[in-house]
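*Asks:* My file is start_10.txt. It has compact mmCIF, C-alpha atoms (C1' of nucleotides):
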# COMPACT_ATOMS: atom_id res chain seq x y z
CA MET A 6 9.67 14.43 -8.97
CA PRO A 7 13.05 15.63 -10.20
CA ALA A 8 13.69 18.30 -12.78
CA ALA A 9 12.93 17.21 -16.34
CA ARG A 10 16.57 17.51 -17.28
CA PRO A 11 18.61 15.22 -19.52
CA GLU A 12 19.35 12.69 -16.72
CA PRO A 13 16.18 12.47 -14.64
CA PHE A 14 17.28 9.41 -12.60
CA ALA A 15 20.86 10.37 -11.76
CA ASN A 16 19.96 11.35 -8.18
CA GLY A 17 17.89 8.31 -7.26
CA LEU A 18 14.65 8.39 -5.32
CA ASN A 19 15.10 11.45 -3.15
CA PRO A 20 14.10 14.10 -5.71
CA PHE A 21 10.80 12.30 -6.37
CA ILE A 22 7.84 13.69 -4.46
CA CYS A 23 5.96 10.50 -5.21
CA PHE A 24 8.62 8.64 -3.24
CA ALA A 25 8.42 11.14 -0.39
CA VAL A 26 4.69 10.40 -0.20
CA TYR A 27 5.17 6.64 -0.66
CA SER A 28 7.76 6.38 2.09
CA ALA A 29 5.93 8.76 4.44
CA ASN A 30 2.87 6.54 4.08
CA LEU A 31 4.96 3.50 5.07
CA ALA A 32 6.32 5.48 8.02
CA PHE A 33 2.82 6.43 9.17
CA SER A 34 1.60 2.85 9.08
CA ARG A 35 4.63 1.81 11.17
CA VAL A 36 4.06 4.55 13.75
CA TYR A 37 0.38 3.65 13.98
CA LYS A 38 1.10 -0.07 14.35
CA PRO A 39 1.58 -0.27 18.14
CA PHE A 40 -1.49 1.91 18.76
CA LEU A 41 -3.67 -0.11 16.38
CA ASP A 42 -2.37 -3.47 17.61
CA ALA A 43 -3.77 -2.48 21.00
CA LEU A 44 -7.15 -1.96 19.33
CA GLY A 45 -6.91 -5.09 17.18
CA LEU A 46 -7.18 -3.07 13.95
CA THR A 47 -5.19 -2.66 10.77
CA TYR A 48 -4.39 0.81 9.46
CA PRO A 49 -7.01 0.79 6.64
CA GLN A 50 -9.60 -0.67 9.03
CA TYR A 51 -8.90 2.22 11.41
CA LEU A 52 -9.36 4.75 8.61
CA ALA A 53 -12.72 3.20 7.70
CA LEU A 54 -13.83 3.39 11.33
CA VAL A 55 -12.71 7.02 11.60
CA SER A 56 -15.05 7.79 8.73
CA LEU A 57 -17.90 5.86 10.38
CA TRP A 58 -17.28 7.51 13.76
CA ALA A 59 -17.89 10.87 12.08
CA GLU A 60 -20.87 9.65 10.04
CA ASP A 61 -22.59 6.39 10.83
CA ASP A 62 -24.83 4.47 8.43
CA GLN A 63 -22.93 4.97 5.17
CA THR A 64 -23.21 2.85 2.04
CA VAL A 65 -20.18 1.02 0.67
CA GLY A 66 -20.08 3.55 -2.14
CA GLN A 67 -20.13 6.55 0.22
CA LEU A 68 -17.33 5.06 2.29
CA GLY A 69 -15.40 4.42 -0.91
CA GLU A 70 -15.72 8.04 -1.99
CA LYS A 71 -14.29 9.23 1.31
CA LEU A 72 -11.50 6.64 1.45
CA PHE A 73 -10.80 6.72 -2.32
CA LEU A 74 -11.37 2.98 -2.50
CA GLU A 75 -13.69 0.73 -4.49
CA SER A 76 -15.83 -2.19 -3.43
CA ASN A 77 -13.16 -4.69 -4.50
CA THR A 78 -11.03 -3.36 -1.63
CA LEU A 79 -13.77 -2.29 0.77
CA THR A 80 -16.01 -5.34 0.78
CA PRO A 81 -13.41 -7.74 2.22
CA LEU A 82 -12.18 -5.10 4.68
CA LEU A 83 -15.74 -4.42 5.89
CA LYS A 84 -16.40 -8.14 6.22
CA ARG A 85 -13.41 -8.35 8.56
CA LEU A 86 -14.69 -5.40 10.61
CA GLU A 87 -18.04 -7.19 10.74
CA ALA A 88 -16.39 -10.43 11.87
CA LEU A 89 -14.65 -8.43 14.60
CA GLY A 90 -18.06 -7.19 15.72
CA HIS A 91 -17.45 -3.49 15.04
CA ILE A 92 -20.00 -2.99 12.24
CA GLU A 93 -23.11 -4.49 10.68
CA ARG A 94 -23.69 -4.74 6.92
CA ASN A 95 -27.25 -4.83 5.60
CA ARG A 96 -28.87 -4.32 2.24
CA ASP A 97 -30.86 -1.10 2.09
CA PRO A 98 -34.56 -2.09 1.87
CA ALA A 99 -35.29 1.04 -0.19
CA ASP A 100 -32.59 0.09 -2.76
CA GLU A 101 -31.40 -3.47 -2.51
CA ARG A 102 -28.30 -2.73 -4.59
CA GLN A 103 -26.81 -0.74 -1.73
CA VAL A 104 -25.31 -2.07 1.46
CA ARG A 105 -25.56 0.13 4.53
CA VAL A 106 -22.70 -0.03 7.01
CA ARG A 107 -23.57 0.73 10.64
CA LEU A 108 -21.49 0.75 13.82
CA THR A 109 -22.38 -1.77 16.49
CA ALA A 110 -22.24 -0.90 20.19
CA LYS A 111 -18.76 -2.45 20.20
CA GLY A 112 -17.72 -0.31 17.23
CA LYS A 113 -18.98 2.84 18.97
CA ALA A 114 -17.20 1.87 22.18
CA LEU A 115 -13.94 1.48 20.24
CA ARG A 116 -14.10 5.18 19.46
CA GLU A 117 -13.49 5.89 23.14
CA GLN A 118 -10.58 3.45 23.17
CA ALA A 119 -9.09 5.24 20.16
CA ARG A 120 -9.53 8.73 21.57
CA CYS A 121 -5.89 9.06 22.65
CA VAL A 122 -4.38 7.79 19.36
CA PRO A 123 -4.21 11.15 17.53
CA GLU A 124 -2.16 12.71 20.36
CA GLY A 125 0.32 9.84 20.15
CA ILE A 126 0.75 10.34 16.42
CA LEU A 127 1.04 14.10 16.85
CA GLU A 128 3.87 13.56 19.30
CA ALA A 129 5.61 11.09 16.94
CA SER A 130 5.41 13.62 14.12
CA GLY A 131 7.46 16.08 16.15
CA MET A 132 5.46 18.97 14.72
CA LYS A 133 3.18 21.67 16.03
CA LEU A 134 -0.48 21.22 15.23
CA ASP A 135 -0.61 24.34 13.05
CA ALA A 136 2.35 23.27 10.92
CA LEU A 137 0.86 19.81 10.55
CA HIS A 138 -2.48 21.20 9.37
CA GLU A 139 -0.72 23.46 6.90
CA LEU A 140 1.28 20.56 5.48
CA SER A 141 -1.81 18.35 5.46
CA SER A 142 -3.78 20.82 3.37
CA GLN A 143 -0.94 21.16 0.87
CA ILE A 144 -0.78 17.38 0.45
CA THR A 145 -4.57 17.21 0.13
CA ALA A 146 -4.47 19.90 -2.55
CA LEU A 147 -1.80 17.92 -4.41
CA ARG A 148 -3.98 14.79 -4.17
CA GLU A 149 -6.92 16.66 -5.68
CA ARG A 150 -4.85 17.91 -8.62
CA LEU A 151 -3.49 14.42 -9.26
CA LEU A 152 -6.97 12.88 -9.18
CA ALA A 153 -8.28 15.61 -11.48
CA ALA A 154 -5.49 14.82 -13.96
CA ASP A 155 -6.27 11.10 -13.62
CA ALA A 156 -9.95 11.72 -14.32
CA LYS A 157 -9.01 13.48 -17.57
CA LYS A 158 -7.44 10.31 -18.97
CA PRO A 159 -9.55 8.33 -21.44
CA ARG A 160 -11.09 5.25 -19.82
CA MET B 8 -4.07 14.48 12.56
CA PRO B 9 -6.81 16.54 14.18
CA ALA B 10 -6.52 18.58 17.34
CA ALA B 11 -6.41 16.48 20.50
CA ARG B 12 -9.71 17.88 21.68
CA PRO B 13 -12.57 16.04 23.38
CA GLU B 14 -14.05 14.72 20.09
CA PRO B 15 -11.10 13.84 17.89
CA PHE B 16 -13.14 11.97 15.22
CA ALA B 17 -16.06 14.35 14.79
CA ASN B 18 -14.69 15.71 11.49
CA GLY B 19 -13.86 12.44 9.80
CA LEU B 20 -10.73 11.75 7.79
CA ASN B 21 -9.92 15.17 6.41
CA PRO B 22 -8.13 16.60 9.48
CA PHE B 23 -5.76 13.60 9.55
CA ILE B 24 -2.41 14.21 7.88
CA CYS B 25 -1.88 10.45 7.79
CA PHE B 26 -4.96 10.22 5.57
CA ALA B 27 -3.71 13.05 3.36
CA VAL B 28 -0.51 11.05 2.84
CA TYR B 29 -2.37 7.76 2.44
CA SER B 30 -4.76 9.11 -0.18
CA ALA B 31 -2.06 11.12 -1.99
CA ASN B 32 -0.08 7.89 -2.30
CA LEU B 33 -3.09 6.17 -3.86
CA ALA B 34 -3.48 9.14 -6.21
CA PHE B 35 0.17 8.95 -7.27
CA SER B 36 -0.04 5.28 -8.06
CA ARG B 37 -3.14 5.93 -10.19
CA VAL B 38 -1.48 8.79 -12.09
CA TYR B 39 1.61 6.66 -12.69
CA LYS B 40 -0.42 3.68 -13.86
CA PRO B 41 -0.77 4.53 -17.58
CA PHE B 42 2.92 5.50 -17.81
CA LEU B 43 4.07 2.32 -16.06
CA ASP B 44 1.68 0.08 -17.97
CA ALA B 45 3.49 1.22 -21.10
CA LEU B 46 6.75 0.05 -19.51
CA GLY B 47 5.25 -3.18 -18.13
CA LEU B 48 6.14 -2.20 -14.55
CA THR B 49 4.29 -1.85 -11.27
CA TYR B 50 4.78 1.27 -9.17
CA PRO B 51 7.09 -0.36 -6.55
CA GLN B 52 9.05 -2.09 -9.31
CA TYR B 53 9.57 1.32 -10.93
CA LEU B 54 10.82 2.79 -7.65
CA ALA B 55 13.31 -0.06 -7.27
CA LEU B 56 14.57 0.53 -10.81
CA VAL B 57 14.88 4.29 -10.20
CA SER B 58 17.22 3.45 -7.34
CA LEU B 59 19.21 1.05 -9.52
CA TRP B 60 19.40 3.53 -12.40
CA ALA B 61 21.11 5.94 -10.02
CA GLU B 62 23.35 3.27 -8.45
CA ASP B 63 23.77 -0.12 -10.06
CA ASP B 64 25.06 -3.24 -8.28
CA GLN B 65 23.34 -2.82 -4.90
CA THR B 66 22.69 -5.55 -2.37
CA VAL B 67 19.14 -6.39 -1.31
CA GLY B 68 19.87 -4.73 2.02
CA GLN B 69 21.12 -1.51 0.42
CA LEU B 70 18.06 -1.33 -1.81
CA GLY B 71 15.90 -1.95 1.25
CA GLU B 72 17.47 0.95 3.12
CA LYS B 73 16.73 3.30 0.25
CA LEU B 74 13.19 2.03 -0.36
CA PHE B 75 12.40 1.49 3.35
CA LEU B 76 11.54 -2.15 2.64
CA GLU B 77 12.79 -5.48 3.96
CA SER B 78 13.75 -8.67 2.15
CA ASN B 79 10.29 -10.17 2.74
CA THR B 80 8.93 -7.52 0.35
CA LEU B 81 11.96 -6.99 -1.85
CA THR B 82 12.91 -10.57 -2.68
CA PRO B 83 9.68 -11.44 -4.51
CA LEU B 84 9.63 -8.02 -6.23
CA LEU B 85 13.22 -8.45 -7.41
CA LYS B 86 12.47 -11.96 -8.62
CA ARG B 87 9.74 -10.52 -10.81
CA LEU B 88 12.09 -7.85 -12.17
CA GLU B 89 14.55 -10.67 -12.87
CA ALA B 90 11.86 -12.72 -14.62
CA LEU B 91 11.10 -9.64 -16.74
CA GLY B 92 14.78 -9.54 -17.72
CA HIS B 93 15.54 -6.14 -16.18
CA ILE B 94 17.97 -7.27 -13.47
CA GLU B 95 20.25 -10.13 -12.43
CA ARG B 96 20.52 -11.44 -8.86
CA ASN B 97 23.75 -13.16 -7.80
CA ARG B 98 25.30 -14.08 -4.47
CA ASP B 99 28.33 -11.96 -3.70
CA PRO B 100 31.38 -14.27 -3.87
CA ALA B 101 33.10 -12.23 -1.16
CA ASP B 102 30.15 -12.69 1.21
CA GLU B 103 27.73 -15.38 0.17
CA ARG B 104 25.04 -14.06 2.50
CA GLN B 105 24.55 -11.03 0.29
CA VAL B 106 22.78 -10.89 -3.05
CA ARG B 107 23.97 -8.31 -5.52
CA VAL B 108 21.36 -6.81 -7.83
CA ARG B 109 22.59 -5.62 -11.21
CA LEU B 110 20.81 -4.09 -14.18
CA THR B 111 20.83 -6.07 -17.42
CA ALA B 112 21.15 -4.39 -20.80
CA LYS B 113 17.36 -4.50 -21.00
CA GLY B 114 17.08 -2.86 -17.58
CA LYS B 115 19.46 -0.11 -18.60
CA ALA B 116 17.60 0.43 -21.86
CA LEU B 117 14.35 0.83 -19.92
CA ARG B 118 15.83 3.92 -18.31
CA GLU B 119 15.69 5.63 -21.69
CA GLN B 120 12.09 4.54 -22.17
CA ALA B 121 11.25 5.99 -18.75
CA ARG B 122 13.01 9.29 -19.33
CA CYS B 123 9.82 11.19 -20.12
CA VAL B 124 7.80 9.85 -17.18
CA PRO B 125 8.80 12.53 -14.62
CA GLU B 126 7.61 15.31 -16.90
CA GLY B 127 4.25 13.62 -17.26
CA ILE B 128 3.87 13.38 -13.49
CA LEU B 129 5.01 16.96 -13.03
CA GLU B 130 2.29 18.07 -15.42
CA ALA B 131 -0.34 15.97 -13.62
CA SER B 132 0.65 17.53 -10.29
CA GLY B 133 -0.23 20.96 -11.63
CA MET B 134 2.62 22.51 -9.66
CA LYS B 135 5.80 24.38 -10.42
CA LEU B 136 8.99 22.43 -9.91
CA ASP B 137 10.16 24.69 -7.07
CA ALA B 138 6.93 24.33 -5.11
CA LEU B 139 7.03 20.58 -5.62
CA HIS B 140 10.58 20.33 -4.32
CA GLU B 141 9.68 22.42 -1.29
CA LEU B 142 6.67 20.22 -0.50
CA SER B 143 8.71 17.10 -1.13
CA SER B 144 11.37 18.11 1.38
CA GLN B 145 8.74 18.88 4.02
CA ILE B 146 7.18 15.45 3.56
CA THR B 147 10.61 13.81 3.66
CA ALA B 148 11.40 15.64 6.91
CA LEU B 149 8.11 14.42 8.38
CA ARG B 150 8.97 10.86 7.32
CA GLU B 151 12.33 11.10 9.08
CA ARG B 152 10.75 12.32 12.32
CA LEU B 153 8.16 9.53 12.20
CA LEU B 154 10.81 6.88 11.61
CA ALA B 155 12.93 8.30 14.42
CA ALA B 156 9.95 8.06 16.78
CA ASP B 157 9.31 4.51 15.55
CA ALA B 158 12.93 3.54 16.21
CA LYS B 159 12.56 4.73 19.82
CA LYS B 160 9.85 2.15 20.54
CA PRO B 161 10.97 -1.02 22.36
CA ARG B 162 11.39 -3.98 20.03
C1' DA C 30 39.44 -25.29 15.23
C1' DT C 31 34.79 -25.15 17.64
C1' DC C 32 30.60 -23.51 18.74
C1' DA C 33 27.47 -19.88 19.93
C1' DT C 34 26.08 -15.52 18.01
C1' DA C 35 25.10 -12.27 14.50
C1' DT C 36 23.96 -11.07 9.77
C1' DA C 37 21.71 -11.42 5.05
C1' DT C 38 18.30 -13.24 2.49
C1' DA C 39 14.36 -16.16 1.65
C1' DT C 40 9.77 -18.24 2.80
C1' DC C 41 5.04 -18.23 4.45
C1' DG C 42 0.57 -16.35 5.68
C1' DC C 43 -2.52 -12.53 5.81
C1' DA C 44 -4.43 -7.95 4.67
C1' DC C 45 -4.72 -4.58 1.46
C1' DG C 46 -5.26 -2.13 -3.54
C1' DC C 47 -6.90 -2.78 -7.90
C1' DG C 48 -8.04 -4.54 -12.86
C1' DA C 49 -11.44 -7.46 -14.71
C1' DT C 50 -15.59 -9.73 -14.38
C1' DT C 51 -20.12 -11.13 -12.45
C1' DA C 52 -24.71 -10.74 -10.29
C1' DA C 53 -28.52 -8.38 -8.81
C1' DA C 54 -31.46 -4.38 -8.52
C1' DT C 55 -33.03 -0.13 -10.56
C1' DC C 56 -33.88 3.17 -14.23
C1' DG C 57 -35.22 4.85 -18.71
C1' DT C 58 -37.32 4.73 -22.99
C1' DG C 59 -40.51 2.77 -25.93
C1' DC D 29 -45.36 -3.10 -19.07
C1' DA D 30 -41.05 -4.67 -21.39
C1' DC D 31 -36.36 -4.68 -21.92
C1' DG D 32 -31.86 -2.93 -22.58
C1' DA D 33 -28.77 0.22 -20.07
C1' DT D 34 -27.04 1.75 -15.73
C1' DT D 35 -25.80 1.33 -10.95
C1' DT D 36 -24.08 -1.11 -6.78
C1' DA D 37 -21.61 -4.75 -4.58
C1' DA D 38 -19.27 -8.82 -4.65
C1' DT D 39 -15.75 -12.05 -6.48
C1' DC D 40 -11.26 -13.45 -8.38
C1' DG D 41 -6.34 -13.08 -9.33
C1' DC D 42 -2.00 -10.80 -8.70
C1' DG D 43 1.45 -7.76 -6.61
C1' DT D 44 2.82 -5.59 -2.74
C1' DG D 45 3.93 -4.70 2.79
C1' DC D 46 4.96 -7.00 6.77
C1' DG D 47 5.16 -10.17 11.09
C1' DA D 48 7.10 -14.51 12.05
C1' DT D 49 10.15 -17.89 10.96
C1' DA D 50 13.81 -20.50 8.45
C1' DT D 51 18.30 -21.10 6.24
C1' DA D 52 22.81 -20.19 5.09
C1' DT D 53 26.98 -17.67 5.72
C1' DA D 54 30.16 -15.01 8.51
C1' DT D 55 32.11 -13.53 12.98
C1' DG D 56 34.00 -13.96 17.56
C1' DA D 57 35.36 -15.82 21.97
C1' DT D 58 37.81 -19.48 23.84
Take the structure in this file and express it as structure tokens.
*Replies:*
Amino acid sequence: MPAARPEPFANGLNPFICFAVYSANLAFSRVYKPFLDALGLTYPQYLALVSLWAEDDQTVGQLGEKLFLESNTLTPLLKRLEALGHIERNRDPADERQVRVRLTAKGKALREQARCVPEGILEASGMKLDALHELSSQITALRERLLAADAKKPR
Amino acid sequence: MPAARPEPFANGLNPFICFAVYSANLAFSRVYKPFLDALGLTYPQYLALVSLWAEDDQTVGQLGEKLFLESNTLTPLLKRLEALGHIERNRDPADERQVRVRLTAKGKALREQARCVPEGILEASGMKLDALHELSSQITALRERLLAADAKKPR
DNA sequence: ATCATATATATCGCACGCGATTAAATCGTG
DNA sequence: CACGATTTAATCGCGTGCGATATATATGAT
């Protein structure tokens, strides 16, 4: 965000780091679009599958913690992934409140199809891998501070 | 994104810079929420007003270039800002295809109400202003490279 | 002047993201 | 064991983003 000087909006959106993040997120989803169209996935669906490819058999709540989403967003998204045949959703017999999300054979096979996507995005970013990781960890650290501040607010 | 090695998804979402940006954007919108609730605005509505506070009397297309949005997103958003009394939308008499967006007195007054918001976000970020600006410009540069790569794709 | 083309905005449908609420299962304390 | 409190997902409504399309205005070649 801009300096907290007398006229904080005189220079428009560019001084705002929130806008840098907002617009970079739009840019990422546009760069991903052709790759994900080929897989028949949306960008958030892809992110959910990335999490499941690393760790199968997660509950909705566990997925939500990793994606920073709640069931009101995840449940419909997971139902679409289920309709596409990539996952199965079943109540956990040991605790019927929880729903376990598991990859199907088709969902596991999609991982191989998606293998080349990260290289394509890396190329589009025009950055070296080291610089990208450095920037990524700075943005992640910022996210954690923002969420910590958010958690401090009275609910 | 992670290294383009044989198992690109073995470490889940954390190596992906796109996810860092995605989740930081969610975090920003959550930190902004209490501030914007007090103003009766959504996060994208606030961004549109920030642009108008810096430069009044923009066309829908000009606003779209600054926000990286098209009329399919902007028109409904601007209609809501109009319904809230913050802006007026009028066809440009010199070129009836264009719609000029102008702040009302209420919209200009809201700028004063919003004056203290950037400081609140700065505090929530837990960063010094210099470090924030440096990070912001790196993210903006990444956005520009991504959009340039996107523009290269056949349409 | 005419008509095809280009430009600017609006409309529609769908997939998120999320506040608010609901429903069902489990836990905790008596 | 009973029963209120807690936990987990699901549901609903609304506001974005965006692909596809529609409409109206302006431009340009003849």
*Asks:* Contacts from chain A to chain C, 8 Å maximum, all atoms listed in the file: show me the residue list as a PyMOL selection string.
*Replies:* chain A and resi 49+77-78+100-102
*Asks:* Please check the contacts: residues of chain D at most 10 Å away from chain B, using all atoms listed in the file, listed as a PyMOL selection string.
*Replies:* chain D and resi 43-47+52-54
*Asks:* I'd like the contact shell of stretch 89-101 of chain B - 6 Å cut-off, all atoms listed in the file, skipping same-chain residues fewer than 2 positions apart - returned as an MDAnalysis selection string.
*Replies:* chainID B and resid 86:87 103 105:111 113:114
*Asks:* So which one's closest to chain B, A:Ala136, A:Leu44, A:Leu115, A:Ala129? Using all atoms listed in the file, please.
*Replies:* A:Ala129
*Asks:* Need the shell around B:Asp137: protein/DNA/RNA residues with any atom at most 12 Å away, counting only C-alpha atoms (C1' of nucleotides). Skip same-chain ones fewer than 6 positions apart. Format as a list in words?
*Replies:*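 Here the qualifying residues turn out to be Met6, Pro7, Ala8, Pro20 and Ile22 of chain A; Leu129, Ser143 and Ser144 of chain B.
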*Asks:* Which of these, A:Gly69, A:Gly45, A:Gly131, A:Gly125, has the shortest distance to chain B once you count all atoms listed in the file?
*Replies:*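 Of all the options, A:Gly131 lies closest to chain B.
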*Asks:* Output as a CSV table (one decimal) with C-alpha atoms, keeping the file's coordinate frame the set of chain B residues within 7 Å of chain A, with distances taken over all atoms listed in the file.
*Replies:*
chain,number,residue,atom,x,y,z
B,8,MET,CA,-4.1,14.5,12.6
B,9,PRO,CA,-6.8,16.5,14.2
B,10,ALA,CA,-6.5,18.6,17.3
B,11,ALA,CA,-6.4,16.5,20.5
B,15,PRO,CA,-11.1,13.8,17.9
B,16,PHE,CA,-13.1,12.0,15.2
B,17,ALA,CA,-16.1,14.4,14.8
B,18,ASN,CA,-14.7,15.7,11.5
B,19,GLY,CA,-13.9,12.4,9.8
B,20,LEU,CA,-10.7,11.8,7.8
B,24,ILE,CA,-2.4,14.2,7.9
B,25,CYS,CA,-1.9,10.4,7.8
B,27,ALA,CA,-3.7,13.0,3.4
B,28,VAL,CA,-0.5,11.0,2.8
B,29,TYR,CA,-2.4,7.8,2.4
B,30,SER,CA,-4.8,9.1,-0.2
B,31,ALA,CA,-2.1,11.1,-2.0
B,32,ASN,CA,-0.1,7.9,-2.3
B,34,ALA,CA,-3.5,9.1,-6.2
B,35,PHE,CA,0.2,9.0,-7.3
B,37,ARG,CA,-3.1,5.9,-10.2
B,38,VAL,CA,-1.5,8.8,-12.1
B,57,VAL,CA,14.9,4.3,-10.2
B,58,SER,CA,17.2,3.4,-7.3
B,60,TRP,CA,19.4,3.5,-12.4
B,61,ALA,CA,21.1,5.9,-10.0
B,75,PHE,CA,12.4,1.5,3.4
B,122,ARG,CA,13.0,9.3,-19.3
B,125,PRO,CA,8.8,12.5,-14.6
B,126,GLU,CA,7.6,15.3,-16.9
B,129,LEU,CA,5.0,17.0,-13.0
B,131,ALA,CA,-0.3,16.0,-13.6
B,132,SER,CA,0.6,17.5,-10.3
B,133,GLY,CA,-0.2,21.0,-11.6
B,136,LEU,CA,9.0,22.4,-9.9
B,143,SER,CA,8.7,17.1,-1.1
B,146,ILE,CA,7.2,15.4,3.6
B,147,THR,CA,10.6,13.8,3.7
B,149,LEU,CA,8.1,14.4,8.4
B,150,ARG,CA,9.0,10.9,7.3
B,152,ARG,CA,10.8,12.3,12.3
B,153,LEU,CA,8.2,9.5,12.2
B,154,LEU,CA,10.8,6.9,11.6
B,156,ALA,CA,10.0,8.1,16.8
B,157,ASP,CA,9.3,4.5,15.6
*Asks:* What is the atom CA of A:Gln118 to atom CA of A:Ala43 distance in Å?
*Replies:* 9.3 Å
*Asks:* Hey, can you check how far atom CA of A:Thr64 sits from atom C1' of D:DT36?
*Replies:*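 Straight-line distance from atom CA of A:Thr64 to atom C1' of D:DT36 works out to 9.7 Å.
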*Asks:* Quote the spacing between atom CA of B:Leu48 and atom C1' of D:DT39 in Å to one decimal place.
*Replies:*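 One can read the atom CA of B:Leu48 to atom C1' of D:DT39 distance as 25.3 Å.
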